[in-house]
Structures are given as structure tokens and as C-alpha cells.
Amino acid sequence: MNLDWLDAFLVSGLFYVVMVIGLALLLHLQLGLARIANFGIVGFWGIGMYAFGVLFVKVDWPFGEVWAFLISMAFGTVVAGLAGLLVGWLIADLDIDGVLVGTLGFATAVWIVATTEQDLTGGALGMGGLGFPYDIGSVKANETLWLVILTIVVASILYYVSRVHKSPYGRLLISIGDNQPLARSLGKASFRSKLWLFAGSSAGMGLLGAMYGVNERFLETANIGIDLTLAVMVGLVLGSTTQVWGAVVGVALTVGLFDIVIQFYLPLPREWYTQAIPVLREMVFGAVLIIVLLFRPYGVLGDMRRDKLMRRMHGG
Amino acid sequence: MDLISDSLVIGLTEHAPLVLAAMGFALLYRLTGLINVAYSETITLGAYLGMWINTTYDLNFYTILLPAGLLAGLVSVATYFAIFRPAKHRNVGALEMIIISFGLSIVLRHGLQFIFGYPVRFYDVPPPHTIFVLGVGVSSFRLLALGSVLILALLLFWFIQKTTFGLQIRALASDEDLAQVSGIRPLVVTVMIWFLAGVAGGLAGAFYGVGSSVAPLLGWRQFLFILLVVLVGGTKNIGGVIIAGIATGVALTAMTLQFGQVLYAQLALITAFVIILKLRGRRMADTEKV
């Protein structure tokens with residue numbers, strides 16, 4: 001396949017954007033519907049990435065590489081889901097302060113383990129040996145196919161989220177998010193619903209982390225910093241925390257703009273890209289969070305989902 | 001016995017800034033109900049300001065403490081007027097307030113990087129004297145930090161419990177409407193709270209900075225522990241924060257000496273604190289807040 005027309009940097013930029021959209025969609029389920037402020041997104045993403053990497057690289061598999069790859073990928077997802085189950089159990093009945101501590105603490109714990117367990121993770125030096133489960137020619141072709149696979153995964157998440165919105169389960173999550181004591185008093189299993197939602201969406205974050213690890217081929221602790229959590233959160237808040245397409249629109253306007261348009265297409269001085277642009281990017285993201293929440297709390301797309309729901313319920 | 005004395009001396013002196021920072025954060029949290037993530041940048045700001053005054057005007061470390069603390073306090077008040085007050089007037093929810101403060105934290109952190117440059121910076125101070133306490137060598141800066149924390153803790157305690165202004169702060173924390181009816185001006189009291197919290201955070205930052213180096217993540221790396229100390233120790237009063245802060249410092253040191261790895265000690269402490277919060281979860285929701 002001739003991919004000369006395709007810029008390799010564009011492929012890697014698009015991969016990051018699509019992955020952040022996937023994470024923002026999962027955060028939408030947690031924050032937008034159930035009002036669980038997960039500040040530890042990078043922790044669940046990172047544990048999936050490292051669990052996959054460690055199993056794939058460190059274990060001497062007796063069978064083919066494709067099976068080893070798939071089992072490791074499933075392992076990364078399950079480990080992130082189990083971590084979500086544990087953290088969810090800890091925070092599901094805590095107030096906002098407790099949720100902040102629990103999720104932030106978990107992300108810190110993942111960073112600590114990844115940094116200190118050098119025999120397993122390579123520590124600060126990083127861990128190599130990862131690769132694609134196929135070889136269709138050039139590196140660019142392999143990366144492009146992996147981008148297509150990621151896009152299918154994220155599109156599936158988008159479809160699932162849109163189905164949740166239209167389901168009784170989605171309405172249950174919204175009612176829990178709006179008023180948990182009231183939902184509980186009406187006999188709804190608020191704790192259990194939040195717990196499974198959190199575990200499932202955390203597993204999805206872990207899967208995306210594992211897929212990112214494959215694309216990078218090298219795992220570094222520098223990847224599991226707060227920057228990713230910020231990118232996901234700002235994308236969702238800018239788009240709309242309450243709407244299905246909020247994550248897509250918001251991430252395209254923030255990460256897409258900075259990591260593709262500015263990084264690859266603006267003729268800025270070369271030295272800006274190493275330090276000034278990344279710092280400016282974070283400052284703009286932070287400022288966007290403040291401005292949107294102050295002046296347009298439901299983001300660019302507004303709060304139409306709830307309006308529609310109300311109109312349907314009240315026959316308006 | 002060595003482990004106990006070493007942990008006590010090193011823990012108390014090395015982690016004294018944690019207690020100071022936690023006191024400032026607790027003041028803000030208890031009296032406004034806000035988890036201000038950007039408080040971590042008040043600490044970083046104090047470290048940078050102290051370093052800048054120290055290296056630019058060639059002033060010694062003890063002299064720069066006052067301007068660094070005051071400037072950090074003023075910036076803290078400025079963030080209240082620029083962001084948190086308008087947010088309150090717009091009835092922004094508690095969760096959104098935390099996200100706003102997270103955004104502000106990112107803006108300030110990277111803004112400081114822009115202003116002060118990207119490399120790690122250091123204070124220009126002579127090598128500290130080593131003083132032996134219970135057979136453990138401690139630097140004079142760290143002993144000064146411990147002394148400052150003790151003095152500031154007593155001052156803050158006296159200010160909150162014994163002065164008219166402190167009475168107004170407590171009244172405002174208990175019932176804002178009633179406090180207003182009683183003639184208390186909430187704005188003046190609130191500004192004072194933000195200022196005092198900023199001063200405490202700035203001073204903690206200066207002590208952190210002189211003890212090691214000044215970098216953009218200085219405050220953020222302490223934030224989780226400050227938050228944990230305040231949530232675990234500070235639901236009743238400022239004394240609880242001091243006790244929890246001291247216990248955290250000593251426990252961290254003891255576990256570091258035992259495991260030989262500070263990160264494992266941090267991990268164990270984070271786990272312990274989160275379990276405590278889980279066990280007390282339902283009570284946390286009932287703590288009184290403005």
C-alpha cells in the first residue's frame with residue numbers, strides 16, 4: 001500500500017487525538033452522567049498500559065506472538081477494571097473531596113509503582129520490546145492500521161455511550177448523579193450502579209492505555225503525568241459534559257487544534273516546539289477550563305440532552 | 001531506639017513545611033469549603049518568589065521570607081477576586097469549583113515556568129550549619145522551618161481562637177447569613193482568610209525551595225499529602241491538622257528509613273489515608289462548610 005501522501009507525524013497526532021476522545025467519552029459516563037470526578041484518569045490508563053507491557057515483554061510465551069499479544073491486551077484491560085472496582089468501592093459513597101483524594105491518590109500510586117519497580121517496568125529509564133501484532137510492510141503502514149483499529153474501538157465506545165443515554169440505565173445514572181440520596185431512597189442501587197460504571201469505564205481506559213503503549217513501543221513514566229488527565233478533562237468540559245458528542249467536539253477543538261494544527265501546520269520557529277508550545281498548550285487548556293465553567297458551564301454543545309429528556313417526559 | 005529518634009528528628013524538621021502548608025490549606029478549606037487545587041501553586045509561587053528575591057537582590061534567606069510570604073498572600077487574594085468570587089456569584093457547583101481550581105493550578109504552574117524559565121533553580125545561600133539533635137545531624141534551615149512552623153501555628157491558633165477577627169471567621173464558617181446579620185463583613189473576613197492561607201503556602205514553598213531546589217512541580221508533588229493531612233486531621237480544628245501533619249512527617253521518615261525507598265513510604269501512607277477516609281466516609285459529608 002502506497003502511503004506517501006500520509007504524513008507520519010499526522011498519523012501519530014491523530015492517534016493521540018482519537019485516544020483522548022475515547023478517554024473523554026469514558027469520563028463522560030463517570031463525570032457527565034454519574035458525577036464522579038475522576039482526577040486519576042491517567043492512573044487507570046497507565047495501569048492498563050504497564051500491565052499489558054509487563055505481561056507481553058517479561059513472560060516467555062509458549063505460543064504465537066498474536067495470542068500473547070491478545071492475552072496481554074485483555075490482561076491490561078482486566079487489571080484496569082479491577083483497579084476501577086477497588087477505587088470505585090473506596091470512593092462510591094464518599095463526597096467530592098473523598099473522590100478527589102481517592103482518584104488522585106490512585107494515579108500517584110500507579111506512578112510510584114511504575115517508577116520504583118524497575119525490574120518489571122524499567123522505572124524512569126522506560127521499557128521497550130513492544131510492537132504491533134502484525135507486519136504489513138513499513139512502520140507507517142503498521143501505525144496507520146493501528147490507528148484504524150483504535151478508531152473502531154473508540155467508535156464502539158461512542159456507540160455504547162449513545163446507547164446508554166437512551167437506556168433506563170442511563171437515566172438511572174443521571175438520577176444518581178443529580179441526587180444520590182433521593183435515588184437511594186427510591187430503592188435504586190446507587191452504590192452498585194456507580195461501582196460497576198466506574199469499573200467498566202476504568203477497564204476501557206486501561207484498554208486505551210495498552211493500545212497507546214503498542215503505538216509508542218516504549219513505556220515511560222513521563223507518560224503517566226497529569227497532562228493526560230488535563231487534556232481529557234478540558235476536552236470534555238469544553239464540548240459538553242452532558243452530551244454524547246461533547247467529548248468528540250471538545251477534544252477536536254483542544255487537543256486536535258494544538259497537537260495537529262499548531263504542531264504540524266503552523267510555521268512557527270522550530271525552537272518553540274520543544275518548550276514554549278507545550279507550556280503554552282497547558283496554559284491555554286487550564287484557562288479554557290476556567291472560562292468555560294465560569295461562562296458556559298455546559299460547554300459548546302450546551303445541555304440539550306436534558307432539555308430533550310424533560311420535554312419528552314413532560315410532553316412539551 | 002535509633003529508628004524512633006531518627007524518625008522524630010528528621011521527620012519533624014524535614015516535613016515542617018508540610019505542616020505549615022496544610023495549616024494554610026485547612027484554613028481555606030474549613031472556612032470556605034473549597035478544595036483549592038491551585039493552592040499547590042501558591043507553594044510553588046512562594047518558592048520561586050523567594051528564590052528570585054534571594055538571587056536578584058542578594059538578600060539572605062531569612063530576609064526574603066517576609067516578602068515571599070506577603071506576595072504569595074497577595075496573589076492568593078487576587079485569585080479569589082479574579083476567579084473564585086465570580087464563580088461563587090455565578091452559583092458554580094462544588095465539583096465545578098474543584099475543576100476550576102485545577103485549571104487555575106495548571107495556568108499558574110506553567111505561567112511560572114514561562115516567567116522564571118524552564119531549568120530547575122536554586123537559592124543562593126551559604127551551606128547551612130549542621131546542628132546535632134539527639135545525635136542526628138540537621139541543617140539550620142530545617143530547624144528554622146520547624147521553629148517557624150511552631151511559632152506560626154501558635155500565632156494562627158491564637159488569631160483564630162482569641163481575637164475578634166478570629167471570632168468573625170468562625171462565625172462566618174458556622175452560618176454565613178447569621179454572621180452577616182450580626183454585622184460581620186464577609187468580604188473582609190474572606191479576603192483575610194485567602195491572604196493568610198497564601199502567606200502560609202508561600203512560606204512553606206520558600207522552605208521547600210531552600211531545602212532542595214525550585215521546580216514547577218514543587219507544590220503539586222506535595223498537594224496530595226497536604227490534602228490527605230487536612231481531610232484526615234482537619235475536620236475538627238487546626239490542632240488536628242498540626243497533629244496529622246507531624247504524624248505524617250514522622251511516619252514518612254520512619255517508613256523511608258525502614259524500606260530504604262521514599263516512594264514506597266508515600267505509597268503506604270496514601271493507602272492508609274484513603275482507607276481512613278473510606279471508614280469515615282459518611283461522616284465527611286456532614287462536616288459543616290460555608
# chains A, B, ... in the order shown; residues from 1 in each chain; ligands from 1
call {"tool": "residues_around", "arguments": {"residues": "A:Val66", "least_positions_apart": "4", "cutoff": "12 Å", "atoms": "only C-alpha atoms", "output": "PyMOL selection string"}}
result
chain A and resi 56+61-62+70-73+131-135
call {"tool": "write_last_selection", "arguments": {"atoms": "N, CA and C atoms", "output": "short mmCIF file (atom, residue, chain, number, x, y, z; two decimals), in the first residue's frame"}}
result
data_model
loop_
_atom_site.label_atom_id
_atom_site.label_comp_id
_atom_site.auth_asym_id
_atom_site.auth_seq_id
_atom_site.Cartn_x
_atom_site.Cartn_y
_atom_site.Cartn_z
N PHE A 56 3.41 -8.83 28.32
CA PHE A 56 3.82 -9.13 26.94
C PHE A 56 5.34 -9.29 26.81
N TRP A 61 6.40 -16.52 26.44
CA TRP A 61 5.17 -17.17 26.00
C TRP A 61 5.46 -18.44 25.19
N PRO A 62 4.71 -19.53 25.49
CA PRO A 62 4.96 -20.79 24.79
C PRO A 62 4.26 -20.86 23.43
N LEU A 70 -2.79 -10.69 22.36
CA LEU A 70 -4.21 -10.55 22.72
C LEU A 70 -4.45 -10.84 24.20
N ILE A 71 -3.77 -11.85 24.72
CA ILE A 71 -3.93 -12.18 26.15
C ILE A 71 -3.42 -11.02 27.01
N SER A 72 -2.27 -10.46 26.60
CA SER A 72 -1.69 -9.34 27.36
C SER A 72 -2.62 -8.13 27.31
N MET A 73 -3.20 -7.90 26.14
CA MET A 73 -4.13 -6.77 25.99
C MET A 73 -5.35 -6.95 26.90
N GLY A 131 5.44 -4.10 20.39
CA GLY A 131 5.29 -3.95 18.95
C GLY A 131 3.90 -4.33 18.50
N PHE A 132 3.65 -4.13 17.22
CA PHE A 132 2.33 -4.46 16.67
C PHE A 132 2.19 -5.98 16.53
N PRO A 133 0.95 -6.47 16.57
CA PRO A 133 0.76 -7.93 16.43
C PRO A 133 0.76 -8.37 14.97
N TYR A 134 1.17 -7.53 14.08
CA TYR A 134 1.19 -7.84 12.65
C TYR A 134 2.33 -7.06 12.01
N ASP A 135 2.61 -7.38 10.76
CA ASP A 135 3.58 -6.60 9.99
C ASP A 135 3.09 -6.54 8.54
#
call {"tool": "interface_residues", "arguments": {"of": "chain A", "to": "chain B", "cutoff": "8 Å", "atoms": "only C-alpha atoms", "output": "number ranges by chain"}}
result
A: 37, 90-91, 93-98, 101-102, 104-105, 109, 112, 116, 275-276, 279-280, 282-290, 293-294
call {"tool": "residues_around", "arguments": {"residues": "A:Leu14", "least_positions_apart": "2", "cutoff": "8 Å", "atoms": "only C-alpha atoms", "output": "NGL selection string"}}
result
:A and (10-12 or 16-18 or 147 or 256 or 260)
call {"tool": "closest_residue", "arguments": {"among": "B:Met192, B:Leu27, B:Leu269, B:Ala179", "to": "B:Thr256", "atoms": "only C-alpha atoms"}}
result
B:Leu269
call {"tool": "residues_around", "arguments": {"residues": "stretch 210-227 of chain A", "least_positions_apart": "5", "cutoff": "8 Å", "atoms": "only C-alpha atoms", "output": "VMD selection string"}}
result
chain A and resid 19 42 to 43 45 to 46 48 to 53 73 76 to 77 111 114 to 115 121 123 to 132 143 146 150 282
call {"tool": "atom_distance", "arguments": {"atom1": "atom CA of B:Val189", "atom2": "atom CA of B:Gln168"}}
result
7.1 Å
call {"tool": "residues_around", "arguments": {"residues": "A:Tyr298", "least_positions_apart": "3", "cutoff": "10 Å", "atoms": "only C-alpha atoms", "output": "VMD selection string"}}
result
chain A and resid 32 236 to 243 246 292 to 295 301 to 304
call {"tool": "atom_distance", "arguments": {"atom1": "atom CA of B:Asn237", "atom2": "atom CA of B:Trp194"}}
result
17.5 Å
call {"tool": "select_by_dssp", "arguments": {"residues": "stretch 128-307 of chain A", "states": "alpha helix (DSSP H)", "output": "PyMOL selection string"}}
result
chain A and resi 139-166+168-178+180-185+190-216+226-239+246-251+276-295+304-307
call {"tool": "select_by_dssp", "arguments": {"residues": "stretch 75-285 of chain B", "states": "strand (DSSP E)", "output": "VMD selection string"}}
result
chain B and resid 130 to 133 136 to 139
call {"tool": "atom_distance", "arguments": {"atom1": "atom CA of A:Ala24", "atom2": "atom CA of A:Leu207"}}
result
13.7 Å
call {"tool": "residues_around", "arguments": {"residues": "B:Ser139", "least_positions_apart": "2", "cutoff": "12 Å", "atoms": "only C-alpha atoms", "output": "PDB file with C-alpha atoms, in the first residue's frame"}}
result
ATOM      1  CA  VAL B   9      14.155  14.418  64.388  1.00  0.00           C
ATOM      2  CA  ILE B  10      14.291  14.003  60.601  1.00  0.00           C
ATOM      3  CA  THR B  13      12.488  19.020  60.628  1.00  0.00           C
ATOM      4  CA  GLU B  14      12.174  17.761  57.052  1.00  0.00           C
ATOM      5  CA  PRO B 126      25.758  29.543  52.067  1.00  0.00           C
ATOM      6  CA  PRO B 127      25.974  25.884  53.090  1.00  0.00           C
ATOM      7  CA  PRO B 128      23.787  25.513  56.186  1.00  0.00           C
ATOM      8  CA  HIS B 129      25.310  24.717  59.556  1.00  0.00           C
ATOM      9  CA  THR B 130      24.759  21.217  60.792  1.00  0.00           C
ATOM     10  CA  ILE B 131      23.346  21.015  64.270  1.00  0.00           C
ATOM     11  CA  PHE B 132      23.070  17.701  66.108  1.00  0.00           C
ATOM     12  CA  VAL B 133      19.767  16.911  67.789  1.00  0.00           C
ATOM     13  CA  VAL B 136      21.072  13.288  64.281  1.00  0.00           C
ATOM     14  CA  GLY B 137      22.609  15.994  62.089  1.00  0.00           C
ATOM     15  CA  PHE B 141      17.371  25.873  57.531  1.00  0.00           C
ATOM     16  CA  ARG B 142      15.316  22.865  58.533  1.00  0.00           C
ATOM     17  CA  LEU B 143      15.499  23.774  62.188  1.00  0.00           C
ATOM     18  CA  LEU B 144      14.406  27.282  61.241  1.00  0.00           C
ATOM     19  CA  ALA B 145      11.481  25.801  59.302  1.00  0.00           C
ATOM     20  CA  LEU B 146      10.464  23.799  62.348  1.00  0.00           C
ATOM     21  CA  PHE B 207      11.267  26.422  52.994  1.00  0.00           C
ATOM     22  CA  VAL B 210      15.769  26.300  50.061  1.00  0.00           C
ATOM     23  CA  GLY B 211      15.864  22.711  51.300  1.00  0.00           C
ATOM     24  CA  SER B 212      16.202  21.261  47.806  1.00  0.00           C
TER      25      SER B 212
END
call {"tool": "residues_around", "arguments": {"residues": "A:Trp89", "least_positions_apart": "5", "cutoff": "10 Å", "atoms": "only C-alpha atoms", "output": "mmCIF file with C-alpha atoms, in the first residue's frame"}}
result
data_model
loop_
_atom_site.group_PDB
_atom_site.id
_atom_site.type_symbol
_atom_site.label_atom_id
_atom_site.label_comp_id
_atom_site.auth_asym_id
_atom_site.auth_seq_id
_atom_site.Cartn_x
_atom_site.Cartn_y
_atom_site.Cartn_z
ATOM 1 C CA ALA A 83 -8.354 -1.305 39.873
ATOM 2 C CA GLY A 84 -11.526 0.612 38.972
ATOM 3 C CA LEU A 94 -17.652 9.480 49.522
ATOM 4 C CA PHE A 191 -23.656 2.341 45.145
ATOM 5 C CA ARG A 192 -23.641 -0.766 42.973
ATOM 6 C CA LYS A 194 -21.724 3.660 40.369
ATOM 7 C CA LEU A 195 -19.301 0.887 41.235
ATOM 8 C CA TRP A 196 -19.921 -1.103 38.032
ATOM 9 C CA PHE A 198 -16.621 3.076 37.368
ATOM 10 C CA ALA A 199 -15.061 -0.385 36.990
ATOM 11 C CA LYS B 278 -13.346 5.329 53.448
#
call {"tool": "decode", "arguments": {"residues": "stretch 1-13 of chain A", "atoms": "N, CA and C atoms", "output": "mmCIF file, in the first residue's frame"}}
result
data_model
loop_
_atom_site.group_PDB
_atom_site.id
_atom_site.type_symbol
_atom_site.label_atom_id
_atom_site.label_comp_id
_atom_site.auth_asym_id
_atom_site.auth_seq_id
_atom_site.Cartn_x
_atom_site.Cartn_y
_atom_site.Cartn_z
ATOM 1 N N MET A 1 0.845 -1.188 0.000
ATOM 2 C CA MET A 1 0.000 0.000 0.000
ATOM 3 C C MET A 1 0.895 1.259 0.000
ATOM 4 N N ASN A 2 0.608 2.178 -0.932
ATOM 5 C CA ASN A 2 1.407 3.401 -1.011
ATOM 6 C C ASN A 2 0.816 4.476 -0.093
ATOM 7 N N LEU A 3 1.586 4.815 0.946
ATOM 8 C CA LEU A 3 1.090 5.813 1.905
ATOM 9 C C LEU A 3 1.956 7.075 1.898
ATOM 10 N N ASP A 4 2.604 7.336 0.750
ATOM 11 C CA ASP A 4 3.496 8.502 0.689
ATOM 12 C C ASP A 4 2.771 9.814 0.963
ATOM 13 N N TRP A 5 1.488 9.855 0.610
ATOM 14 C CA TRP A 5 0.707 11.087 0.792
ATOM 15 C C TRP A 5 0.428 11.377 2.266
ATOM 16 N N LEU A 6 0.634 10.352 3.090
ATOM 17 C CA LEU A 6 0.271 10.484 4.505
ATOM 18 C C LEU A 6 1.499 10.825 5.350
ATOM 19 N N ASP A 7 1.389 11.905 6.096
ATOM 20 C CA ASP A 7 2.482 12.344 6.961
ATOM 21 C C ASP A 7 2.535 11.453 8.212
ATOM 22 N N ALA A 8 3.710 10.899 8.527
ATOM 23 C CA ALA A 8 3.853 10.013 9.695
ATOM 24 C C ALA A 8 3.506 10.749 10.997
ATOM 25 N N PHE A 9 3.864 12.043 11.050
ATOM 26 C CA PHE A 9 3.554 12.820 12.257
ATOM 27 C C PHE A 9 2.041 12.997 12.411
ATOM 28 N N LEU A 10 1.369 13.127 11.264
ATOM 29 C CA LEU A 10 -0.087 13.278 11.309
ATOM 30 C C LEU A 10 -0.736 12.015 11.872
ATOM 31 N N VAL A 11 -0.199 10.864 11.490
ATOM 32 C CA VAL A 11 -0.748 9.594 11.987
ATOM 33 C C VAL A 11 -0.606 9.531 13.514
ATOM 34 N N SER A 12 0.586 9.890 14.009
ATOM 35 C CA SER A 12 0.787 9.815 15.461
ATOM 36 C C SER A 12 -0.048 10.881 16.173
ATOM 37 N N GLY A 13 -0.194 12.063 15.542
ATOM 38 C CA GLY A 13 -1.032 13.118 16.133
ATOM 39 C C GLY A 13 -2.485 12.688 16.188
#
